[in-house]
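Q: One file is attached below, my_file-v9.cif, containing mmCIF, C-alpha atoms and all ligand atoms.
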```cif
data_entry
#
loop_
_atom_site.label_atom_id
_atom_site.label_comp_id
_atom_site.auth_asym_id
_atom_site.auth_seq_id
_atom_site.Cartn_x
_atom_site.Cartn_y
_atom_site.Cartn_z
CA MET A 20 -6.31 5.33 -2.32
CA VAL A 21 -4.76 2.73 -4.67
CA GLY A 22 -8.02 1.72 -6.37
CA SER A 23 -8.87 5.37 -7.14
CA ALA A 24 -5.36 6.02 -8.49
CA ILE A 25 -5.60 2.98 -10.79
CA VAL A 26 -9.01 4.10 -12.06
CA ARG A 27 -7.66 7.63 -12.72
CA ARG A 28 -4.69 6.17 -14.59
CA LEU A 29 -6.72 3.72 -16.70
CA GLN A 30 -9.26 6.42 -17.59
CA ALA A 31 -6.42 8.74 -18.62
CA ALA A 32 -4.99 5.93 -20.77
CA GLY A 33 -8.33 5.61 -22.59
CA TYR A 34 -9.85 2.51 -20.99
CA THR A 35 -13.60 3.08 -20.92
CA ASP A 36 -15.13 -0.17 -19.69
CA LEU A 37 -13.95 -0.09 -16.07
CA LEU A 38 -15.95 -1.93 -13.43
CA THR A 39 -15.68 -0.86 -9.79
CA ALA A 40 -17.74 -1.96 -6.81
CA THR A 41 -18.14 -0.40 -3.40
CA ARG A 42 -18.31 -2.50 -0.24
CA ASP A 43 -22.12 -1.99 -0.20
CA GLU A 44 -22.37 -3.48 -3.69
CA VAL A 45 -20.01 -6.42 -3.08
CA ASP A 46 -18.59 -7.32 0.32
CA LEU A 47 -15.37 -9.03 -0.71
CA THR A 48 -15.32 -11.17 2.45
CA ASP A 49 -18.53 -12.80 1.14
CA ALA A 50 -17.48 -15.57 -1.26
CA ALA A 51 -20.94 -16.03 -2.80
CA ALA A 52 -21.33 -12.29 -3.47
CA VAL A 53 -17.90 -12.09 -5.11
CA ARG A 54 -18.58 -15.15 -7.24
CA ALA A 55 -22.00 -13.82 -8.36
CA TYR A 56 -20.53 -10.40 -9.23
CA LEU A 57 -17.67 -11.82 -11.31
CA GLN A 58 -19.93 -14.35 -13.06
CA ALA A 59 -22.38 -11.59 -13.99
CA GLN A 60 -19.79 -9.02 -15.12
CA GLN A 61 -17.29 -11.36 -16.85
CA PRO A 62 -14.34 -8.94 -16.69
CA ASP A 63 -11.28 -9.40 -18.92
CA ALA A 64 -8.98 -8.67 -15.97
CA VAL A 65 -9.28 -8.14 -12.22
CA ILE A 66 -7.14 -5.87 -10.04
CA VAL A 67 -7.42 -6.66 -6.32
CA ALA A 68 -6.72 -3.33 -4.61
CA ALA A 69 -9.12 -3.83 -1.68
CA ALA A 70 -7.79 -4.73 1.75
CA ARG A 71 -8.15 -3.95 5.41
CA VAL A 72 -5.16 -1.61 5.86
CA GLY A 73 -3.72 0.51 8.66
CA GLY A 74 -0.65 1.59 10.61
CA ILE A 75 1.10 -0.06 13.57
CA GLU A 76 -1.64 0.80 16.09
CA ALA A 77 -4.49 -0.58 13.94
CA ASN A 78 -2.50 -3.74 13.16
CA ARG A 79 -1.70 -4.26 16.85
CA SER A 80 -5.26 -3.67 18.02
CA TYR A 81 -7.12 -5.79 15.43
CA PRO A 82 -4.85 -8.69 14.33
CA ALA A 83 -7.75 -11.15 13.99
CA ASP A 84 -9.67 -8.77 11.71
CA PHE A 85 -6.56 -8.03 9.63
CA LEU A 86 -5.85 -11.73 9.09
CA TYR A 87 -9.43 -12.89 8.53
CA GLU A 88 -10.59 -10.06 6.25
CA ASN A 89 -7.47 -9.97 4.10
CA LEU A 90 -7.36 -13.75 3.71
CA ALA A 91 -11.04 -13.76 2.75
CA ILE A 92 -10.62 -10.90 0.22
CA ALA A 93 -7.63 -12.63 -1.39
CA GLN A 94 -9.15 -16.06 -1.68
CA ASN A 95 -12.62 -14.90 -2.70
CA CYS A 96 -11.30 -12.62 -5.45
CA ILE A 97 -8.71 -15.08 -6.77
CA HIS A 98 -10.86 -18.20 -6.64
CA GLY A 99 -13.95 -16.26 -7.81
CA ALA A 100 -12.05 -14.85 -10.79
CA TRP A 101 -10.84 -18.31 -11.75
CA GLN A 102 -14.38 -19.73 -11.43
CA ALA A 103 -15.68 -16.93 -13.68
CA GLY A 104 -13.07 -17.71 -16.33
CA VAL A 105 -11.02 -14.53 -15.83
CA GLY A 106 -7.62 -15.02 -17.45
CA ARG A 107 -5.71 -12.10 -15.94
CA LEU A 108 -5.53 -10.87 -12.34
CA LEU A 109 -3.20 -8.53 -10.48
CA PHE A 110 -3.10 -8.87 -6.70
CA LEU A 111 -1.72 -6.05 -4.56
CA GLY A 112 0.34 -7.11 -1.61
CA SER A 113 2.78 -5.10 0.43
CA SER A 114 6.44 -4.93 1.34
CA CYS A 115 5.41 -6.13 4.87
CA ILE A 116 5.47 -9.68 3.47
CA TYR A 117 9.24 -9.84 3.82
CA PRO A 118 11.10 -11.03 6.95
CA ARG A 119 11.83 -8.47 9.67
CA LYS A 120 15.56 -9.05 9.33
CA ALA A 121 15.66 -9.41 5.55
CA ARG A 122 18.91 -8.23 3.99
CA GLN A 123 18.62 -4.77 2.47
CA PRO A 124 17.60 -3.90 -0.15
CA ILE A 125 14.99 -6.65 -0.07
CA ARG A 126 14.79 -8.95 -3.08
CA GLU A 127 11.74 -10.95 -4.18
CA GLU A 128 13.58 -14.20 -3.37
CA ASP A 129 13.81 -13.18 0.32
CA LEU A 130 10.14 -14.11 0.81
CA LEU A 131 9.71 -16.63 3.67
CA ALA A 132 13.43 -16.57 4.52
CA GLY A 133 12.82 -15.66 8.19
CA PRO A 134 10.28 -14.50 10.84
CA LEU A 135 7.99 -11.57 10.03
CA GLU A 136 7.78 -8.24 11.87
CA GLN A 137 5.48 -8.96 14.85
CA THR A 138 3.52 -5.69 14.62
CA ASN A 139 2.06 -6.56 11.19
CA GLU A 140 2.37 -10.33 11.08
CA ALA A 141 -1.37 -10.96 10.62
CA TYR A 142 -1.61 -8.63 7.63
CA ALA A 143 1.59 -10.01 6.10
CA ILE A 144 0.45 -13.64 6.37
CA ALA A 145 -2.76 -12.81 4.51
CA LYS A 146 -0.81 -11.00 1.78
CA ILE A 147 1.65 -13.90 1.45
CA ALA A 148 -1.33 -16.27 1.09
CA GLY A 149 -2.73 -14.04 -1.70
CA LEU A 150 0.56 -13.96 -3.56
CA LYS A 151 0.93 -17.74 -3.26
CA LEU A 152 -2.67 -18.28 -4.43
CA CYS A 153 -1.85 -16.29 -7.58
CA GLN A 154 1.36 -18.24 -8.13
CA TYR A 155 -0.32 -21.61 -7.67
CA TYR A 156 -3.45 -20.82 -9.74
CA ARG A 157 -1.09 -19.74 -12.51
CA GLN A 158 0.97 -22.92 -12.11
CA GLN A 159 -1.96 -25.33 -11.77
CA HIS A 160 -4.62 -23.71 -13.97
CA GLY A 161 -2.59 -21.80 -16.57
CA VAL A 162 -4.18 -18.39 -15.79
CA CYS A 163 -1.98 -15.28 -15.67
CA TYR A 164 -2.48 -14.28 -12.01
CA HIS A 165 0.40 -12.29 -10.53
CA SER A 166 1.18 -9.81 -7.76
CA ALA A 167 2.76 -6.44 -7.09
CA MET A 168 4.40 -5.69 -3.72
CA PRO A 169 4.42 -1.92 -3.24
CA THR A 170 6.53 -0.13 -0.68
CA ASN A 171 4.86 2.51 1.57
CA LEU A 172 2.47 4.59 -0.54
CA TYR A 173 1.19 8.13 -0.20
CA GLY A 174 -0.83 10.54 -2.29
CA PRO A 175 -4.39 11.73 -2.97
CA GLY A 176 -7.13 9.90 -1.10
CA ASP A 177 -4.94 8.81 1.82
CA ASN A 178 -6.41 8.22 5.27
CA TYR A 179 -5.70 10.93 7.88
CA HIS A 180 -7.32 9.20 10.87
CA PRO A 181 -5.51 10.14 14.14
CA GLN A 182 -4.93 6.47 15.16
CA HIS A 183 -5.35 4.36 12.02
CA SER A 184 -3.32 6.25 9.43
CA HIS A 185 0.13 5.39 8.09
CA VAL A 186 3.21 7.37 9.09
CA LEU A 187 3.29 9.83 6.20
CA PRO A 188 -0.34 11.06 6.29
CA ALA A 189 -0.08 11.10 10.10
CA LEU A 190 2.92 13.45 9.85
CA ILE A 191 1.16 15.72 7.33
CA ARG A 192 -1.89 16.05 9.58
CA ARG A 193 0.12 16.58 12.76
CA PHE A 194 2.41 19.24 11.29
CA HIS A 195 -0.55 20.96 9.65
CA GLU A 196 -2.42 21.08 12.97
CA ALA A 197 0.70 22.17 14.87
CA ARG A 198 1.27 25.02 12.44
CA ALA A 199 -2.37 26.13 12.69
CA ALA A 200 -2.17 26.05 16.53
CA ASN A 201 1.30 27.66 16.68
CA ALA A 202 2.42 24.64 18.73
CA PRO A 203 6.10 24.92 19.72
CA THR A 204 6.83 21.16 19.40
CA VAL A 205 5.60 18.06 17.60
CA THR A 206 6.44 14.64 19.08
CA ILE A 207 7.03 11.73 16.72
CA TRP A 208 6.56 8.07 17.73
CA GLY A 209 9.70 5.97 18.15
CA THR A 210 13.38 6.73 17.84
CA GLY A 211 13.17 8.36 14.40
CA LEU A 212 15.89 5.95 13.23
CA PRO A 213 13.91 3.38 11.20
CA ARG A 214 14.37 3.88 7.49
CA ARG A 215 11.48 3.78 5.03
CA GLU A 216 10.85 4.17 1.32
CA PHE A 217 7.83 6.02 -0.14
CA LEU A 218 6.19 5.73 -3.55
CA HIS A 219 3.56 8.14 -4.86
CA VAL A 220 0.32 6.26 -5.55
CA ASP A 221 0.11 7.67 -9.11
CA ASP A 222 3.46 6.00 -9.82
CA LEU A 223 2.09 2.73 -8.41
CA ALA A 224 -0.92 3.02 -10.75
CA LEU A 225 1.43 3.37 -13.73
CA ALA A 226 3.41 0.34 -12.53
CA CYS A 227 0.19 -1.72 -12.26
CA GLU A 228 -0.81 -0.81 -15.82
CA HIS A 229 2.71 -1.70 -16.99
CA LEU A 230 2.61 -5.08 -15.24
CA LEU A 231 -0.83 -5.92 -16.64
CA LEU A 232 0.48 -5.33 -20.16
CA LEU A 233 3.46 -7.70 -19.80
CA ASP A 234 3.04 -11.03 -21.57
CA ASN A 235 4.95 -12.94 -18.92
CA PRO A 236 5.02 -10.90 -15.69
CA PRO A 237 6.97 -12.07 -12.62
CA ASP A 238 4.84 -14.01 -10.08
CA TRP A 239 5.46 -11.15 -7.66
CA VAL A 240 7.52 -8.04 -8.07
CA ASN A 241 8.65 -5.25 -5.76
CA VAL A 242 7.33 -1.79 -6.62
CA GLY A 243 9.31 1.01 -5.04
CA VAL A 244 11.74 3.82 -5.71
CA GLY A 245 14.92 2.06 -4.50
CA GLN A 246 15.82 4.87 -2.02
CA ASP A 247 14.92 5.34 1.63
CA LEU A 248 15.23 7.94 4.38
CA SER A 249 14.92 7.90 8.19
CA ILE A 250 11.62 8.75 9.89
CA ARG A 251 13.42 11.77 11.39
CA GLU A 252 14.45 12.96 7.91
CA LEU A 253 10.94 12.31 6.63
CA ALA A 254 9.46 14.36 9.49
CA GLU A 255 11.82 17.25 8.69
CA LEU A 256 10.84 17.16 5.01
CA VAL A 257 7.11 17.05 5.79
CA ALA A 258 7.50 19.94 8.27
CA GLU A 259 9.26 21.97 5.58
CA VAL A 260 6.56 21.26 2.94
CA VAL A 261 3.78 22.07 5.42
CA GLY A 262 5.60 25.20 6.63
CA TYR A 263 5.97 24.17 10.29
CA ASP A 264 9.07 25.63 11.94
CA GLY A 265 8.75 24.43 15.57
CA ASP A 266 10.78 21.66 17.25
CA ILE A 267 10.52 17.99 16.31
CA ARG A 268 10.82 15.67 19.34
CA LEU A 269 10.94 11.88 19.47
CA ASP A 270 9.19 9.45 21.84
CA PRO A 271 11.42 6.35 21.98
CA THR A 272 8.98 4.56 24.35
CA LYS A 273 6.69 3.98 21.33
CA PRO A 274 7.34 1.08 18.92
CA ASP A 275 9.50 1.57 15.86
CA GLY A 276 8.38 -1.37 13.72
CA THR A 277 10.83 -2.91 11.25
CA PRO A 278 14.27 -1.19 11.46
CA ARG A 279 14.69 -0.81 7.72
CA LYS A 280 12.56 -1.60 4.70
CA LEU A 281 14.07 -0.79 1.34
CA LEU A 282 12.99 -2.76 -1.70
CA ASP A 283 15.36 -3.93 -4.39
CA VAL A 284 13.55 -2.78 -7.52
CA SER A 285 15.91 -4.23 -10.11
CA LEU A 286 13.42 -6.90 -11.23
CA LEU A 287 10.78 -4.26 -12.02
CA ARG A 288 13.40 -2.05 -13.69
CA SER A 289 14.44 -5.00 -15.86
CA THR A 290 10.88 -5.13 -17.22
CA GLY A 291 11.20 -1.49 -18.35
CA TRP A 292 9.51 0.59 -15.63
CA GLU A 293 10.84 3.44 -13.42
CA PRO A 294 8.99 5.76 -11.00
CA GLY A 295 8.73 9.40 -12.07
CA ILE A 296 7.61 11.40 -8.97
CA GLY A 297 10.32 12.46 -6.47
CA LEU A 298 9.46 12.58 -2.74
CA ARG A 299 9.54 16.37 -2.34
CA GLU A 300 7.37 16.90 -5.44
CA GLY A 301 5.03 14.10 -4.33
CA LEU A 302 4.70 15.62 -0.85
CA ILE A 303 3.88 19.05 -2.27
CA ARG A 304 1.14 17.50 -4.45
CA THR A 305 -0.16 15.46 -1.51
CA TYR A 306 -0.28 18.44 0.85
CA THR A 307 -2.13 20.46 -1.82
CA ASP A 308 -4.67 17.62 -2.10
CA PHE A 309 -4.93 17.51 1.74
CA LEU A 310 -5.72 21.25 1.87
CA GLU A 311 -8.29 21.03 -0.94
CA ARG A 312 -10.09 18.08 0.64
CA LYS A 313 -9.99 19.70 4.07
CA ALA A 314 -11.54 22.87 2.65
CA GLU A 315 -14.28 20.84 0.91
CA GLY A 316 -14.89 18.72 4.05
CA THR A 317 -14.01 15.50 2.19
CA LEU A 318 -10.73 14.65 3.96
CA ARG A 319 -10.72 10.94 4.78
CA MET A 320 -10.53 10.22 8.54
CA VAL A 321 -11.80 6.63 8.93
N1 LIG B 401 -1.31 2.42 1.55
C1 LIG B 401 -0.10 1.88 1.52
O1 LIG B 401 0.90 2.45 1.98
C2 LIG B 401 0.09 0.52 0.91
C3 LIG B 401 1.37 0.02 0.83
C4 LIG B 401 1.59 -1.21 0.26
C5 LIG B 401 0.51 -1.93 -0.21
N2 LIG B 401 -0.73 -1.44 -0.13
C6 LIG B 401 -1.83 -2.28 -0.64
O2 LIG B 401 -2.57 -1.57 -1.59
C7 LIG B 401 -3.93 -1.99 -1.52
C8 LIG B 401 -4.83 -0.79 -1.34
O3 LIG B 401 -4.47 -0.05 -0.18
P1 LIG B 401 -4.99 1.45 0.03
O4 LIG B 401 -3.90 2.17 0.70
O5 LIG B 401 -5.58 1.94 -1.22
O6 LIG B 401 -6.12 1.22 1.11
P2 LIG B 401 -7.52 1.95 1.24
O7 LIG B 401 -7.43 3.34 0.73
O8 LIG B 401 -7.98 1.74 2.64
O9 LIG B 401 -8.43 1.14 0.26
C9 LIG B 401 -8.84 -0.14 0.55
C10 LIG B 401 -10.20 -0.31 -0.07
O10 LIG B 401 -10.61 -1.66 0.17
C11 LIG B 401 -11.98 -1.62 0.45
N3 LIG B 401 -12.38 -2.80 1.21
C12 LIG B 401 -11.82 -3.24 2.37
N4 LIG B 401 -12.50 -4.32 2.78
C13 LIG B 401 -13.47 -4.56 1.86
C14 LIG B 401 -14.50 -5.54 1.76
N5 LIG B 401 -14.65 -6.49 2.68
N6 LIG B 401 -15.34 -5.47 0.70
C15 LIG B 401 -15.20 -4.51 -0.23
N7 LIG B 401 -14.25 -3.55 -0.18
C16 LIG B 401 -13.40 -3.58 0.87
C17 LIG B 401 -12.17 -0.37 1.26
O11 LIG B 401 -13.52 -0.02 1.24
P3 LIG B 401 -14.15 0.94 2.38
O12 LIG B 401 -13.83 2.31 1.91
O13 LIG B 401 -15.60 0.59 2.35
O14 LIG B 401 -13.49 0.59 3.67
C18 LIG B 401 -11.27 0.60 0.51
O15 LIG B 401 -11.98 1.22 -0.53
C19 LIG B 401 -4.01 -2.98 -0.38
O16 LIG B 401 -3.95 -4.28 -0.89
C20 LIG B 401 -2.80 -2.69 0.44
O17 LIG B 401 -2.38 -3.84 1.09
C21 LIG B 401 -0.99 -0.22 0.41
#
```
Let me see the file written as structure tokens.
Ligand SMILES: NC(=O)c1ccc[n+]([C@@H]2O[C@H](COP(=O)([O-])OP(=O)(O)OC[C@H]3O[C@@H](n4cnc5c(N)ncnc54)[C@H](OP(=O)(O)O)[C@@H]3O)[C@@H](O)[C@H]2O)c1
A:
Amino acid sequence: MVGSAIVRRLQAAGYTDLLTATRDEVDLTDAAAVRAYLQAQQPDAVIVAAARVGGIEANRSYPADFLYENLAIAQNCIHGAWQAGVGRLLFLGSSCIYPRKARQPIREEDLLAGPLEQTNEAYAIAKIAGLKLCQYYRQQHGVCYHSAMPTNLYGPGDNYHPQHSHVLPALIRRFHEARAANAPTVTIWGTGLPRREFLHVDDLALACEHLLLLDNPPDWVNVGVGQDLSIRELAELVAEVVGYDGDIRLDPTKPDGTPRKLLDVSLLRSTGWEPGIGLREGLIRTYTDFLERKAEGTLRMV
């Protein structure tokens, strides 16, 4: 989702010499393959948007895979870029890197100030390692490697898998199916109380371009909208956009994850960037994309 959005944005901005590689072309967990690719292509800049990603269930079921694959992707891309003489690199992390009980809104300096949320600890540790690799390669080798820490993302190209998707695409799919089946109720995992923030992926792509054009970017910077809402409120908004008018029930026996995750975005704002897509507008665009892909048979469910 993120890689495609960045490619769309850079193409729209007039960049023509964009290199992308699928997993079949370069498995990023394979250090030798990454090194050979970067040595051969000699890019001016690298954006690391690849990762093993997923929601609470996927993180809980496959913690070893999440830690191993994401560590390998981070270190192979960062070290490989340095070996190939690449001077600029942007690494994408996630707001999961911050402590479970971080004060709200979460500032960049809160990194490593307390224990992580258990349900995504493996993923978060790999992302923290990537961020620190960028910081230390910059410090030790003088390259401009830096990171962006996006909040929860949504938008075109999201994953709608029944078990592995994130909360927002999961809600879109479930309300869409409930409406089609005339189901009287939809049950949402957890208490509905946790609060979350959502950024449209096209806004993230603009933020990445902005960060790559800064002469002296922060080592890592939060990328969000600076506003959150409860999962219950989110479910109500998604139901409204999808046109579902049945009951929304909650299942508090299922895990909630972190109670609140709102990023402080003042550092990014101070560099001159603001998001432009509001949540309702972003959801309407995303549901339109969902319907188009569903009709074409290209909806992502992996
Ligand atoms: N989605 C969010 O809400 C969110 C929030 C915060 C941060 N982020 C970060 O944003 C980045 C992109 O996330 P996304 O949502 O765009 O995920 P995504 O849609 O699943 O994209 C991840 C991409 O990485 C590729 N990939 C994974 N392992 C690979 C490997 N070993 N070799 C080569 N390619 C590999 C995947 O290829 P395949 O298609 O072959 O699997 C996929 O194209 C990640 O770093 C993630 O941590 C995402």
Q: Could the residues of chain A that have an atom at most 8 Å from ligand LIG 401 (chain B) be listed as JSON lines, each with its closest atom pair and the distance in Å to one decimal, counting all atoms listed in the file and ordered by chain and ascending residue number?
A:
```
{"residue": "A:Met20", "atom": "CA", "partner": "B:LIG401", "partner_atom": "O5", "distance": 3.6}
{"residue": "A:Val21", "atom": "CA", "partner": "B:LIG401", "partner_atom": "O5", "distance": 3.6}
{"residue": "A:Gly22", "atom": "CA", "partner": "B:LIG401", "partner_atom": "O5", "distance": 5.7}
{"residue": "A:Ser23", "atom": "CA", "partner": "B:LIG401", "partner_atom": "O5", "distance": 7.6}
{"residue": "A:Ala40", "atom": "CA", "partner": "B:LIG401", "partner_atom": "C15", "distance": 7.5}
{"residue": "A:Thr41", "atom": "CA", "partner": "B:LIG401", "partner_atom": "N7", "distance": 6.0}
{"residue": "A:Arg42", "atom": "CA", "partner": "B:LIG401", "partner_atom": "C15", "distance": 3.7}
{"residue": "A:Asp43", "atom": "CA", "partner": "B:LIG401", "partner_atom": "C15", "distance": 7.4}
{"residue": "A:Val45", "atom": "CA", "partner": "B:LIG401", "partner_atom": "C15", "distance": 5.9}
{"residue": "A:Asp46", "atom": "CA", "partner": "B:LIG401", "partner_atom": "N6", "distance": 3.8}
{"residue": "A:Leu47", "atom": "CA", "partner": "B:LIG401", "partner_atom": "N6", "distance": 3.8}
{"residue": "A:Thr48", "atom": "CA", "partner": "B:LIG401", "partner_atom": "N5", "distance": 4.7}
{"residue": "A:Asp49", "atom": "CA", "partner": "B:LIG401", "partner_atom": "N5", "distance": 7.6}
{"residue": "A:Val67", "atom": "CA", "partner": "B:LIG401", "partner_atom": "O16", "distance": 6.9}
{"residue": "A:Ala68", "atom": "CA", "partner": "B:LIG401", "partner_atom": "C7", "distance": 4.4}
{"residue": "A:Ala69", "atom": "CA", "partner": "B:LIG401", "partner_atom": "O10", "distance": 3.2}
{"residue": "A:Ala70", "atom": "CA", "partner": "B:LIG401", "partner_atom": "C12", "distance": 4.3}
{"residue": "A:Arg71", "atom": "CA", "partner": "B:LIG401", "partner_atom": "C12", "distance": 4.8}
{"residue": "A:Val72", "atom": "CA", "partner": "B:LIG401", "partner_atom": "O8", "distance": 5.4}
{"residue": "A:Gly73", "atom": "CA", "partner": "B:LIG401", "partner_atom": "O8", "distance": 7.5}
{"residue": "A:Glu88", "atom": "CA", "partner": "B:LIG401", "partner_atom": "N5", "distance": 6.5}
{"residue": "A:Asn89", "atom": "CA", "partner": "B:LIG401", "partner_atom": "N4", "distance": 7.7}
{"residue": "A:Ile92", "atom": "CA", "partner": "B:LIG401", "partner_atom": "N5", "distance": 6.5}
{"residue": "A:Phe110", "atom": "CA", "partner": "B:LIG401", "partner_atom": "O16", "distance": 7.5}
{"residue": "A:Leu111", "atom": "CA", "partner": "B:LIG401", "partner_atom": "O16", "distance": 4.6}
{"residue": "A:Gly112", "atom": "CA", "partner": "B:LIG401", "partner_atom": "O17", "distance": 5.0}
{"residue": "A:Ser113", "atom": "CA", "partner": "B:LIG401", "partner_atom": "C5", "distance": 4.0}
{"residue": "A:Ser114", "atom": "CA", "partner": "B:LIG401", "partner_atom": "C4", "distance": 6.2}
{"residue": "A:Cys115", "atom": "CA", "partner": "B:LIG401", "partner_atom": "C4", "distance": 7.7}
{"residue": "A:Lys146", "atom": "CA", "partner": "B:LIG401", "partner_atom": "O17", "distance": 7.4}
{"residue": "A:Met168", "atom": "CA", "partner": "B:LIG401", "partner_atom": "C5", "distance": 6.4}
{"residue": "A:Pro169", "atom": "CA", "partner": "B:LIG401", "partner_atom": "C4", "distance": 4.6}
{"residue": "A:Thr170", "atom": "CA", "partner": "B:LIG401", "partner_atom": "C4", "distance": 5.1}
{"residue": "A:Asn171", "atom": "CA", "partner": "B:LIG401", "partner_atom": "O1", "distance": 4.0}
{"residue": "A:Leu172", "atom": "CA", "partner": "B:LIG401", "partner_atom": "O1", "distance": 3.7}
{"residue": "A:Tyr173", "atom": "CA", "partner": "B:LIG401", "partner_atom": "O1", "distance": 6.1}
{"residue": "A:Gly176", "atom": "CA", "partner": "B:LIG401", "partner_atom": "O7", "distance": 6.8}
{"residue": "A:Asp177", "atom": "CA", "partner": "B:LIG401", "partner_atom": "O7", "distance": 6.1}
{"residue": "A:Asn178", "atom": "CA", "partner": "B:LIG401", "partner_atom": "O7", "distance": 6.7}
{"residue": "A:His185", "atom": "CA", "partner": "B:LIG401", "partner_atom": "O1", "distance": 6.8}
```
Q: When you draw a straight line from CA of Leu130 (chain A) to CA of Gly149 (chain A), how long is it in Å?
A: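 Distance between the two atoms: 13.1 Å.
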Q: With only C-alpha atoms counted, which protein, DNA or RNA residues have an atom no more than 12 Å from (7.7, -10.1, 18.9) in the file frame? Please answer as a PyMOL selection string.
A: chain A and resi 79+119+134-140+274+276-277
Q: Do a neighbour search on Val242 (chain A) at 12 Å with all atoms listed in the file, toss out local chain neighbours closer than 2 positions, and write the hits as a PyMOL selection string.
A: chain A and resi 111-114+125-127+166-172+216-220+222-227+229-230+237+239-240+244-246+281-288+290+292-294
Q: Using all atoms listed in the file, which residue out of A:Leu212, A:Ala314, A:Ala141, A:Ala148 lies closest to Ile75 (chain A)?
A: A:Ala141
Q: Nearest residue to Ile66 (chain A) out of A:Arg214, A:Asp36, A:Tyr179, A:Leu231, using only C-alpha atoms?
A: A:Leu231
Q: Residues at most 12 Å from Lys273 (chain A), counting only C-alpha atoms, excluding those fewer than 6 positions away in the same chain, as a list of chain:residue names?
A: A:Ile75, A:Glu76, A:Thr206, A:Ile207, A:Trp208, A:Gly209, A:Thr210, A:Gly211
Q: What separation in Å, quoted to one decimal, exists between CA of Val105 (chain A) and CA of Asp63 (chain A)?
A: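 Calculated distance between CA of Val105 (chain A) and CA of Asp63 (chain A) is 6.0 Å.
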Q: Considering only C-alpha atoms, can you say which of A:Leu232, A:Pro271, A:Asn241, A:Leu302 comes closest to Ala258 (chain A)?
A: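 Among the listed residues, A:Leu302 lies closest to Ala258 (chain A).
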